[in-house]
$ cat final_25.txt   # compact mmCIF, C-alpha atoms and all ligand atoms
# COMPACT_ATOMS: atom_id res chain seq x y z
CA MET A 1 2.44 51.58 82.76
CA HIS A 2 2.67 53.22 86.18
CA ILE A 3 2.49 57.02 86.20
CA VAL A 4 3.38 58.97 89.34
CA ALA A 5 1.96 62.48 89.19
CA ASP A 6 1.63 65.70 91.18
CA GLU A 7 -1.92 65.72 92.55
CA ASN A 8 -2.34 69.35 91.43
CA ILE A 9 -2.28 68.47 87.72
CA PRO A 10 -5.85 68.94 86.43
CA LEU A 11 -7.54 66.36 84.15
CA LEU A 12 -5.00 63.70 85.14
CA ASP A 13 -7.52 60.87 84.81
CA ALA A 14 -9.11 62.16 81.64
CA PHE A 15 -5.78 62.35 79.81
CA PHE A 16 -3.60 59.71 81.45
CA ALA A 17 -5.85 56.91 82.76
CA PRO A 18 -6.07 55.42 79.23
CA LEU A 19 -2.26 55.10 79.31
CA GLY A 20 -1.87 53.38 82.67
CA ARG A 21 -2.25 53.36 86.44
CA ILE A 22 -1.85 56.74 88.16
CA THR A 23 -0.51 57.45 91.64
CA ARG A 24 -1.17 61.01 92.84
CA LEU A 25 1.16 62.61 95.36
CA ALA A 26 1.83 66.04 96.82
CA GLY A 27 4.45 67.53 94.50
CA ARG A 28 6.88 68.61 97.20
CA GLN A 29 6.81 65.13 98.75
CA ILE A 30 7.55 62.91 95.75
CA SER A 31 10.52 60.77 96.80
CA HIS A 32 12.77 58.10 95.35
CA GLN A 33 10.72 55.48 97.19
CA ASP A 34 7.54 56.52 95.38
CA LEU A 35 9.18 55.81 92.04
CA THR A 36 10.53 52.28 92.52
CA ASP A 37 8.08 50.82 89.96
CA ALA A 38 7.11 54.01 88.09
CA ASP A 39 7.60 54.40 84.34
CA ALA A 40 6.70 58.05 84.04
CA LEU A 41 6.82 61.02 86.40
CA LEU A 42 4.55 64.03 85.84
CA VAL A 43 5.31 67.12 87.88
CA ARG A 44 4.64 70.84 88.18
CA SER A 45 7.21 73.34 89.40
CA VAL A 46 7.60 72.24 93.02
CA THR A 47 9.27 68.84 92.53
CA ARG A 48 13.03 68.91 92.15
CA VAL A 49 13.88 66.16 89.65
CA ASP A 50 17.47 65.01 89.18
CA PRO A 51 19.24 61.72 88.45
CA GLN A 52 19.44 60.92 92.18
CA LEU A 53 15.64 61.00 92.50
CA LEU A 54 15.30 58.51 89.63
CA ALA A 55 18.39 56.36 90.27
CA GLY A 56 17.59 52.65 89.95
CA THR A 57 13.92 53.32 89.06
CA PRO A 58 12.31 52.42 85.72
CA VAL A 59 11.31 56.08 85.11
CA ARG A 60 12.22 56.98 81.53
CA PHE A 61 9.89 59.94 81.02
CA VAL A 62 9.62 63.13 83.07
CA GLY A 63 7.04 65.72 82.07
CA THR A 64 6.54 69.07 83.76
CA CYS A 65 3.17 70.69 83.05
CA THR A 66 4.79 74.11 83.45
CA ILE A 67 6.75 76.59 81.38
CA GLY A 68 9.68 76.88 83.80
CA THR A 69 12.21 74.04 83.98
CA ASP A 70 14.59 75.33 86.68
CA HIS A 71 13.39 72.53 89.01
CA LEU A 72 14.72 69.92 86.59
CA ASP A 73 18.37 68.92 86.22
CA LEU A 74 18.14 68.90 82.43
CA PRO A 75 21.76 67.93 81.62
CA GLY A 76 21.77 65.24 84.33
CA LEU A 77 18.49 63.72 83.17
CA ALA A 78 19.63 63.76 79.53
CA ALA A 79 22.87 62.02 80.52
CA ALA A 80 20.79 59.42 82.39
CA GLY A 81 18.81 58.73 79.21
CA VAL A 82 15.53 60.14 80.55
CA THR A 83 13.17 61.84 78.10
CA VAL A 84 12.11 65.22 79.49
CA ALA A 85 9.23 67.37 78.29
CA SER A 86 7.93 70.75 79.41
CA ALA A 87 4.95 72.82 78.35
CA PRO A 88 6.27 75.96 76.62
CA GLY A 89 3.83 78.85 76.57
CA CYS A 90 1.05 76.90 78.32
CA ASN A 91 0.14 79.61 80.82
CA ALA A 92 1.76 82.63 79.14
CA ARG A 93 -1.61 84.31 78.60
CA GLY A 94 -2.45 84.00 82.30
CA VAL A 95 0.80 85.75 83.19
CA VAL A 96 0.06 88.55 80.72
CA GLU A 97 -3.38 89.00 82.31
CA TYR A 98 -1.71 89.10 85.75
CA VAL A 99 0.65 91.86 84.55
CA LEU A 100 -2.26 93.83 83.04
CA SER A 101 -4.10 93.58 86.35
CA CYS A 102 -1.00 94.83 88.21
CA LEU A 103 -0.78 97.79 85.82
CA LEU A 104 -4.45 98.65 86.34
CA THR A 105 -4.11 98.43 90.11
CA LEU A 106 -0.92 100.47 90.38
CA SER A 107 -2.45 103.01 88.02
CA GLU A 108 -5.49 103.35 90.24
CA ARG A 109 -3.35 103.70 93.39
CA THR A 110 -0.83 106.21 92.03
CA GLY A 111 -3.06 108.18 89.68
CA GLN A 112 -0.64 107.49 86.79
CA ASP A 113 -2.35 106.28 83.59
CA TRP A 114 -0.89 102.83 82.86
CA ARG A 115 -1.27 103.36 79.13
CA ALA A 116 1.00 106.41 79.29
CA ARG A 117 3.86 104.56 81.03
CA ARG A 118 6.83 103.14 79.15
CA VAL A 119 7.18 99.44 79.96
CA GLY A 120 10.51 97.61 79.97
CA ILE A 121 10.14 93.89 79.33
CA VAL A 122 13.07 91.77 80.50
CA GLY A 123 13.04 88.41 78.71
CA VAL A 124 11.06 88.39 75.48
CA GLY A 125 10.06 84.78 74.96
CA GLU A 126 6.58 83.22 75.21
CA VAL A 127 5.42 85.44 78.07
CA GLY A 128 7.43 88.61 77.45
CA GLY A 129 6.74 88.41 73.71
CA ARG A 130 2.98 88.14 74.25
CA LEU A 131 3.07 90.91 76.80
CA ALA A 132 4.92 93.18 74.36
CA HIS A 133 2.45 92.33 71.60
CA THR A 134 -0.58 92.98 73.83
CA LEU A 135 0.72 96.21 75.34
CA THR A 136 1.80 97.58 71.98
CA ALA A 137 -1.66 96.80 70.57
CA LEU A 138 -3.12 98.66 73.55
CA GLY A 139 -1.02 101.71 72.69
CA VAL A 140 1.62 101.26 75.41
CA GLU A 141 5.25 101.99 74.52
CA CYS A 142 7.57 99.04 75.28
CA LEU A 143 11.35 98.65 75.44
CA LEU A 144 12.63 95.09 75.15
CA CYS A 145 15.68 93.41 76.69
CA ASP A 146 16.76 89.92 75.66
CA PRO A 147 20.53 89.49 75.31
CA PRO A 148 20.32 85.83 74.15
CA ARG A 149 18.03 86.87 71.28
CA ALA A 150 20.14 89.95 70.56
CA ALA A 151 23.22 87.69 70.37
CA LEU A 152 21.47 85.73 67.61
CA GLY A 153 21.43 88.94 65.56
CA GLU A 154 17.78 89.83 66.18
CA ALA A 155 17.07 93.57 66.20
CA GLY A 156 14.93 95.64 68.55
CA PHE A 157 16.53 94.94 71.92
CA ALA A 158 18.14 97.29 74.43
CA PRO A 159 20.50 96.58 77.36
CA LEU A 160 18.92 96.06 80.79
CA ASP A 161 20.62 99.15 82.20
CA GLN A 162 18.96 101.28 79.52
CA LEU A 163 15.54 99.85 80.45
CA LEU A 164 16.15 100.67 84.10
CA THR A 165 16.88 104.31 83.40
CA GLU A 166 14.32 104.87 80.63
CA CYS A 167 11.27 102.84 81.66
CA ASP A 168 8.51 103.63 84.14
CA VAL A 169 7.66 99.95 84.55
CA ILE A 170 9.98 96.91 84.57
CA SER A 171 8.41 93.47 84.15
CA CYS A 172 10.60 90.36 84.43
CA HIS A 173 9.98 87.29 82.23
CA VAL A 174 13.30 85.44 82.19
CA PRO A 175 13.98 81.81 83.09
CA LEU A 176 15.98 81.26 86.28
CA THR A 177 19.54 80.37 85.27
CA ARG A 178 22.62 80.30 87.46
CA THR A 179 25.47 79.94 84.97
CA GLY A 180 26.53 81.43 81.66
CA ALA A 181 26.94 84.96 80.32
CA ASP A 182 23.22 85.71 80.67
CA ALA A 183 22.59 84.06 84.05
CA THR A 184 19.48 85.54 85.66
CA TRP A 185 20.11 84.69 89.34
CA HIS A 186 20.02 88.10 91.08
CA LEU A 187 19.78 89.79 87.69
CA LEU A 188 18.24 92.68 89.61
CA ASP A 189 20.80 93.16 92.36
CA ALA A 190 21.26 96.11 94.71
CA GLY A 191 23.05 98.20 92.07
CA ARG A 192 20.32 97.73 89.49
CA LEU A 193 17.48 98.21 91.97
CA VAL A 194 18.77 101.63 93.02
CA ALA A 195 18.96 102.58 89.33
CA LEU A 196 15.17 102.27 88.95
CA ARG A 197 13.56 105.57 87.91
CA PRO A 198 11.79 107.64 90.55
CA GLY A 199 8.26 106.31 90.94
CA ALA A 200 9.03 103.16 88.92
CA TRP A 201 6.85 100.06 89.08
CA LEU A 202 8.68 96.73 89.26
CA ILE A 203 6.82 93.47 88.56
CA ASN A 204 8.34 90.01 88.99
CA SER A 205 6.36 87.00 87.84
CA SER A 206 9.35 84.97 86.61
CA ARG A 207 11.21 83.29 89.49
CA GLY A 208 11.96 84.70 92.96
CA PRO A 209 15.78 84.65 92.82
CA VAL A 210 15.81 86.80 89.66
CA ILE A 211 15.57 89.70 92.14
CA ASP A 212 17.88 89.83 95.17
CA ASN A 213 15.06 89.93 97.75
CA HIS A 214 17.31 91.03 100.59
CA ALA A 215 18.57 93.97 98.52
CA LEU A 216 15.02 94.77 97.41
CA LYS A 217 13.85 94.99 100.99
CA ALA A 218 16.69 97.39 101.81
CA VAL A 219 16.05 99.53 98.73
CA LEU A 220 12.31 99.72 99.48
CA ALA A 221 13.11 101.00 102.97
CA GLN A 222 14.85 103.98 101.31
CA ARG A 223 12.62 104.34 98.24
CA PRO A 224 8.92 104.49 99.17
CA ASP A 225 8.34 105.94 95.67
CA LEU A 226 8.82 102.47 94.13
CA GLN A 227 5.79 100.22 93.59
CA VAL A 228 6.71 96.54 93.59
CA ALA A 229 4.51 93.58 92.65
CA LEU A 230 5.96 90.16 93.49
CA ASP A 231 4.30 86.90 92.47
CA VAL A 232 7.44 84.88 93.13
CA TRP A 233 9.69 84.86 96.21
CA GLU A 234 13.34 84.02 96.64
CA GLN A 235 12.78 81.34 99.31
CA GLU A 236 9.25 80.24 98.42
CA PRO A 237 7.20 78.60 99.85
CA GLN A 238 8.84 80.63 102.64
CA VAL A 239 7.85 84.27 102.31
CA ASP A 240 9.69 87.21 103.83
CA CYS A 241 6.73 88.96 105.47
CA ALA A 242 8.73 92.16 106.04
CA LEU A 243 9.35 92.32 102.29
CA LEU A 244 5.70 91.56 101.57
CA GLN A 245 4.68 94.50 103.75
CA ARG A 246 6.84 96.80 101.64
CA CYS A 247 5.40 95.48 98.36
CA ALA A 248 2.41 97.12 96.69
CA LEU A 249 1.14 93.70 95.57
CA GLY A 250 2.03 90.18 96.68
CA THR A 251 0.74 86.83 95.42
CA PRO A 252 1.70 83.15 95.94
CA HIS A 253 3.20 82.25 92.54
CA ILE A 254 -0.14 82.22 90.76
CA ALA A 255 0.46 84.62 87.87
CA GLY A 256 -0.11 81.82 85.37
CA TYR A 257 -2.84 80.06 87.36
CA SER A 258 -5.70 80.32 84.89
CA LEU A 259 -7.53 77.03 84.49
CA ASP A 260 -6.87 77.28 80.75
CA GLY A 261 -3.12 77.59 81.32
CA LYS A 262 -3.03 74.58 83.62
CA LEU A 263 -5.13 72.50 81.22
CA ARG A 264 -2.88 73.34 78.28
CA GLY A 265 0.08 72.22 80.40
CA THR A 266 -1.57 68.85 81.01
CA GLU A 267 -2.47 68.43 77.34
CA GLN A 268 1.04 69.30 76.16
CA ILE A 269 2.59 66.70 78.47
CA TYR A 270 -0.01 64.09 77.45
CA ARG A 271 1.04 64.62 73.84
CA ALA A 272 4.73 64.42 74.75
CA LEU A 273 4.24 61.17 76.69
CA CYS A 274 2.26 59.63 73.82
CA ALA A 275 5.02 60.67 71.40
CA SER A 276 7.69 59.13 73.63
CA LEU A 277 5.67 55.88 73.64
CA GLY A 278 5.33 55.99 69.86
CA GLN A 279 1.53 56.23 70.20
CA SER A 280 -1.01 58.58 68.68
CA ALA A 281 -2.61 61.13 71.05
CA PRO A 282 -6.36 60.98 70.38
CA LEU A 283 -7.46 63.13 73.36
CA SER A 284 -7.54 66.91 73.33
CA LEU A 285 -8.92 69.89 75.22
CA ASP A 286 -11.37 70.46 72.37
CA SER A 287 -13.59 67.88 74.03
CA LEU A 288 -12.19 67.80 77.60
CA ALA A 289 -12.03 71.50 78.59
CA PRO A 290 -14.86 72.36 81.03
CA GLU A 291 -17.46 75.07 80.51
CA ALA A 292 -17.20 76.33 84.10
CA GLY A 293 -16.23 79.97 84.39
CA ARG A 294 -16.84 80.84 80.75
CA ALA A 295 -18.74 84.10 80.83
CA GLN A 296 -20.51 86.83 78.94
CA LEU A 297 -20.22 90.50 79.95
CA GLN A 298 -22.74 93.08 78.83
CA PHE A 299 -22.13 96.84 78.87
CA ALA A 300 -24.70 99.60 78.50
CA ALA A 301 -24.40 102.07 75.63
CA GLY A 302 -22.20 105.10 76.23
CA THR A 303 -19.43 103.29 78.14
CA PRO A 304 -16.03 104.93 77.43
CA ALA A 305 -13.64 102.57 75.63
CA GLN A 306 -10.83 102.45 78.21
CA TRP A 307 -13.29 102.03 81.10
CA LEU A 308 -14.94 99.16 79.23
CA LEU A 309 -11.55 97.49 78.71
CA GLU A 310 -10.53 97.91 82.34
CA ARG A 311 -13.85 96.62 83.70
CA SER A 312 -13.62 93.59 81.41
CA LEU A 313 -10.03 92.86 82.46
CA ARG A 314 -11.00 93.17 86.13
CA GLN A 315 -13.85 90.71 85.61
CA VAL A 316 -11.46 88.16 84.15
CA TYR A 317 -8.70 88.59 86.71
CA ASP A 318 -8.28 91.00 89.61
CA VAL A 319 -4.90 90.78 91.34
CA ARG A 320 -6.30 92.75 94.31
CA ASP A 321 -8.26 89.66 95.38
CA ASP A 322 -5.18 87.43 95.32
CA ASP A 323 -3.13 90.09 97.10
CA ALA A 324 -5.73 90.40 99.88
CA ARG A 325 -5.94 86.62 100.39
CA PHE A 326 -2.15 86.36 100.38
CA ARG A 327 -1.61 89.08 102.98
CA ALA A 328 -4.35 87.66 105.19
CA ALA A 329 -2.67 84.24 105.10
CA MET A 330 1.00 85.30 105.29
CA LEU A 331 1.27 88.32 107.58
CA PRO A 332 0.01 86.61 110.76
CA LEU A 333 2.82 84.06 110.20
CA ALA A 334 5.68 86.61 110.29
CA GLY A 335 8.68 84.90 111.87
CA GLN A 336 7.18 81.41 111.36
CA SER A 337 7.03 78.97 108.46
CA THR A 338 4.72 80.14 105.67
CA ALA A 339 5.15 76.97 103.58
CA GLN A 340 1.88 75.24 104.43
CA ALA A 341 -0.24 78.37 104.05
CA PHE A 342 1.52 79.27 100.79
CA ASP A 343 0.79 75.86 99.28
CA ALA A 344 -2.78 75.86 100.61
CA LEU A 345 -3.53 79.09 98.72
CA ARG A 346 -2.23 77.52 95.52
CA LYS A 347 -4.01 74.18 95.97
CA GLY A 348 -7.33 75.90 96.70
CA TYR A 349 -6.93 78.55 94.01
CA PRO A 350 -10.27 79.91 92.70
CA LEU A 351 -11.48 79.16 89.20
CA ARG A 352 -10.02 81.67 86.75
CA ARG A 353 -10.56 81.67 83.00
CA GLU A 354 -8.73 83.74 80.38
CA CYS A 355 -9.94 86.64 78.19
CA PRO A 356 -10.72 84.46 75.13
CA GLU A 357 -13.19 82.49 77.28
CA VAL A 358 -15.12 85.69 78.02
CA GLU A 359 -17.43 87.33 75.52
CA VAL A 360 -17.86 91.09 75.87
CA ARG A 361 -21.06 92.58 74.48
CA HIS A 362 -21.26 96.32 73.93
CA SER A 363 -22.51 98.80 71.39
CA GLU A 364 -19.46 101.07 71.33
CA GLY A 365 -17.45 101.83 68.23
CA GLU A 366 -14.15 100.82 66.70
CA ASP A 367 -12.00 102.12 69.58
CA ALA A 368 -13.58 99.87 72.19
CA ALA A 369 -13.67 96.89 69.83
CA ALA A 370 -9.97 97.34 69.01
CA LEU A 371 -8.93 97.57 72.67
CA LEU A 372 -10.94 94.48 73.63
CA ALA A 373 -9.56 92.53 70.68
CA ALA A 374 -6.01 93.57 71.64
CA ALA A 375 -6.57 92.14 75.11
CA GLY A 376 -7.90 88.91 73.59
CA PHE A 377 -11.63 89.13 74.41
CA ARG A 378 -14.25 87.50 72.22
CA ARG A 379 -17.04 89.57 70.76
N1 LIG B 401 4.71 83.11 87.97
C1 LIG B 401 4.20 82.21 87.17
O1 LIG B 401 3.11 81.71 87.42
C2 LIG B 401 4.93 81.81 85.94
C3 LIG B 401 6.27 82.03 85.80
N2 LIG B 401 6.93 81.69 84.64
C4 LIG B 401 8.36 81.98 84.53
O2 LIG B 401 8.56 82.86 83.44
C5 LIG B 401 9.71 82.44 82.74
C6 LIG B 401 9.64 82.92 81.31
O3 LIG B 401 8.63 82.22 80.62
P1 LIG B 401 8.60 82.19 79.03
O4 LIG B 401 8.53 83.55 78.46
O5 LIG B 401 7.55 81.25 78.63
O6 LIG B 401 10.02 81.57 78.70
P2 LIG B 401 10.79 81.59 77.33
O7 LIG B 401 11.89 80.61 77.43
O8 LIG B 401 9.84 81.48 76.19
O9 LIG B 401 11.42 83.07 77.27
C7 LIG B 401 12.41 83.52 78.13
C8 LIG B 401 13.20 84.60 77.42
O10 LIG B 401 14.13 85.16 78.34
C9 LIG B 401 15.32 85.42 77.62
N3 LIG B 401 16.47 85.57 78.52
C10 LIG B 401 17.26 84.61 79.05
N4 LIG B 401 18.20 85.18 79.84
C11 LIG B 401 17.98 86.51 79.82
C12 LIG B 401 18.60 87.62 80.44
N5 LIG B 401 19.68 87.49 81.24
N6 LIG B 401 18.09 88.85 80.22
C13 LIG B 401 17.02 89.02 79.43
N7 LIG B 401 16.41 88.01 78.75
C14 LIG B 401 16.88 86.77 78.98
C15 LIG B 401 15.44 84.24 76.67
O11 LIG B 401 16.31 84.53 75.59
C16 LIG B 401 13.99 84.06 76.22
O12 LIG B 401 13.70 84.80 75.05
C17 LIG B 401 9.71 80.92 82.89
O13 LIG B 401 11.01 80.38 82.74
C18 LIG B 401 9.19 80.73 84.28
O14 LIG B 401 10.25 80.68 85.19
C19 LIG B 401 6.25 81.12 83.60
C20 LIG B 401 4.91 80.86 83.70
C21 LIG B 401 4.16 81.14 84.89
O1 LIG B 402 4.65 77.40 84.38
C1 LIG B 402 5.46 77.85 85.21
O2 LIG B 402 6.67 78.00 84.98
C2 LIG B 402 4.98 78.21 86.54
O3 LIG B 402 5.61 78.96 87.26
C3 LIG B 402 3.70 77.62 86.98
O4 LIG B 402 2.61 78.45 86.79
C4 LIG B 402 3.79 77.24 88.44
O5 LIG B 402 2.76 76.39 88.75
P1 LIG B 402 2.98 75.28 89.89
O6 LIG B 402 3.94 74.33 89.37
O7 LIG B 402 3.59 75.99 91.02
O8 LIG B 402 1.64 74.72 90.13

$ encode --input "final_25.txt" --output "structure tokens"
Amino acid sequence: MHIVADENIPLLDAFFAPLGRITRLAGRQISHQDLTDADALLVRSVTRVDPQLLAGTPVRFVGTCTIGTDHLDLPGLAAAGVTVASAPGCNARGVVEYVLSCLLTLSERTGQDWRARRVGIVGVGEVGGRLAHTLTALGVECLLCDPPRAALGEAGFAPLDQLLTECDVISCHVPLTRTGADATWHLLDAGRLVALRPGAWLINSSRGPVIDNHALKAVLAQRPDLQVALDVWEQEPQVDCALLQRCALGTPHIAGYSLDGKLRGTEQIYRALCASLGQSAPLSLDSLAPEAGRAQLQFAAGTPAQWLLERSLRQVYDVRDDDARFRAAMLPLAGQSTAQAFDALRKGYPLRRECPEVEVRHSEGEDAAALLAAAGFRR
């Protein structure tokens, strides 16, 4: 079989070469012409896939090695008889570690203890659910908003407007949807942005258009008390540099960019393709995941528990590094296209592993052990 794939999918050869011939292409450039004799198309989030792209081609399987599916025309592809697979939850842990790093950084900058802030989580699925679980285990109070789950009769959810007025931090983890009662396009519009509490922190690592970026820029001009962390941008790969300058933290859509998250995405789509072919899937990350970046941290006796946790989290992922690289690449381009520089940062992203790949050695007591375990570290 002929597999056309985004060149940024790791372990493509290891997983897919046994199934057929692979053609690697830049995700944003995959065109109808590239697919004339392709049987399967493997993408990440930057390739828009609809029936027009596949019309008249033999492609019968589309797999996206990502959680989000807003770049796929799901109803259109289903109607065209194409099997579609995504990778639910693959990089959810990476996003949670990004949010923790934002909390640590904003805490340091404002002098407000992140563990004492009430966090509102908007969208409580794979990412939001894990974030709620982790924060609660770390002793942070969370309020949850998920109208689709609430409509199924599940308890424990509050309306978005209640989160905005009662929470010190709002973190968005919804899919991007444009239709229906719970559509998330501009979910945070001008009216909701002005309702944020004084001194609130707003974090968006879902999709750019979930926040009205134009309105956000205007609100930030009036509300310097707000601290905003954006990983996703309404027009990405084009970035509004004036908005970036008003944000406390900015990154190029890399919240979930741990190596582990990307590898799980590849493995999940390998399994889905094998299933669609009616074949067994003998390969797995158990044998294919690399050792690189796995680490051991050692702390001297007498290290306070919260300091130990924060140092360990910083070692695993420090959003300040991504923010600095992003500003250095974007801000000189104000008024010009940022697309190439945005994609270059993502393509050349540094190796990043997740907390379970890092062993923390210390001789502290139960408190430190419980905090580290809550964050997912090995001991
Ligand atoms: N920045 C990044 O690197 C990454 C971004 N993402 C984005 O995060 C999104 C969420 O990921 P998951 O949690 O894995 O998805 P998920 O599908 O497991 O959970 C999404 C949750 O949002 C809820 N929801 C839908 N509409 C809502 C609304 N109007 N208000 C509140 N809740 C609503 C759903 O009921 C569901 O429980 C993805 O769709 C993707 O766009 C995901 C991974 C990485
Ligand atoms: O999984 C998702 O959803 C994401 O947003 C991905 O982390 C985005 O990765 P790329 O597709 O942009 O490489």

$ closest_residue --input "final_25.txt" --among "A:Gln112, A:Thr266, A:Thr179, A:Gln227" --to "ligand LIG 402 (chain B)" --atoms "only C-alpha atoms and all ligand atoms"
A:Thr266

$ residues_around --input "final_25.txt" --residues "stretch 24-40 of chain A" --least-positions-apart "3" --cutoff "8 Å" --atoms "all atoms listed in the file" --output "list in words"
Met1, His2, Ile3, Val4, Ala5, Asp6, Glu7, Asn8, Val43, Arg44, Val46, Thr47, Arg48, Gln52, Leu53, Leu54, Ala55, Gly56, Thr57, Pro58, Val59, Arg60, Phe61, Val62 and Gly63 of chain A

$ residues_around --input "final_25.txt" --residues "A:Glu291" --least-positions-apart "5" --cutoff "12 Å" --atoms "only C-alpha atoms" --output "ChimeraX atom specification"
/A:259-260,285-286,351-353,357-358

$ closest_atom_pairs --input "final_25.txt" --of "chain A" --to "ligand LIG 402 (chain B)" --cutoff "9 Å" --atoms "only C-alpha atoms and all ligand atoms" --output "tab-separated table"
residue	atom	partner	partner_atom	distance
A:Asn8	CA	B:LIG402	O8	6.8
A:Ile9	CA	B:LIG402	O8	7.8
A:Gly27	CA	B:LIG402	O6	8.5
A:Val43	CA	B:LIG402	O6	7.5
A:Arg44	CA	B:LIG402	O6	3.8
A:Ser45	CA	B:LIG402	O6	3.4
A:Val46	CA	B:LIG402	O6	5.6
A:Thr47	CA	B:LIG402	O6	8.3
A:Thr64	CA	B:LIG402	O6	8.1
A:Cys65	CA	B:LIG402	O1	7.0
A:Thr66	CA	B:LIG402	O1	3.4
A:Ile67	CA	B:LIG402	O1	3.8
A:Gly68	CA	B:LIG402	O2	3.4
A:Thr69	CA	B:LIG402	O2	6.9
A:Asp70	CA	B:LIG402	O2	8.5
A:Ser86	CA	B:LIG402	O1	8.9
A:Ala87	CA	B:LIG402	O1	7.6
A:Pro88	CA	B:LIG402	O1	8.1
A:Gly89	CA	B:LIG402	O1	8.0
A:Cys90	CA	B:LIG402	O1	7.1
A:Asn91	CA	B:LIG402	O1	6.2
A:Ala92	CA	B:LIG402	O1	7.9
A:Gly94	CA	B:LIG402	O4	8.8
A:Val95	CA	B:LIG402	O4	8.3
A:Pro175	CA	B:LIG402	O2	8.5
A:Ser205	CA	B:LIG402	O3	8.1
A:Ser206	CA	B:LIG402	O3	7.1
A:Arg207	CA	B:LIG402	O3	7.4
A:Val232	CA	B:LIG402	O3	8.5
A:Pro252	CA	B:LIG402	O7	8.9
A:His253	CA	B:LIG402	O7	6.5
A:Ile254	CA	B:LIG402	O4	6.1
A:Ala255	CA	B:LIG402	O4	6.6
A:Gly256	CA	B:LIG402	O4	4.6
A:Tyr257	CA	B:LIG402	O4	5.7
A:Ser258	CA	B:LIG402	O4	8.7
A:Gly261	CA	B:LIG402	O4	8.0
A:Lys262	CA	B:LIG402	O4	7.5
A:Gly265	CA	B:LIG402	O1	8.0
A:Asp343	CA	B:LIG402	O7	8.7
A:Arg346	CA	B:LIG402	O8	7.2
A:Lys347	CA	B:LIG402	O8	8.1

$ closest_residue --input "final_25.txt" --among "A:Val127, A:Val169, A:Ala301, A:Leu263" --to "A:Asp113" --atoms "only C-alpha atoms"
A:Val169

$ closest_residue --input "final_25.txt" --among "A:Val99, A:Leu288, A:Ala295, A:Ile22" --to "ligand LIG 401 (chain B)" --atoms "all atoms listed in the file"
A:Val99

$ closest_residue --input "final_25.txt" --among "A:Ser101, A:Gln162, A:Thr23, A:Thr184" --to "ligand LIG 401 (chain B)" --atoms "all atoms listed in the file"
A:Thr184
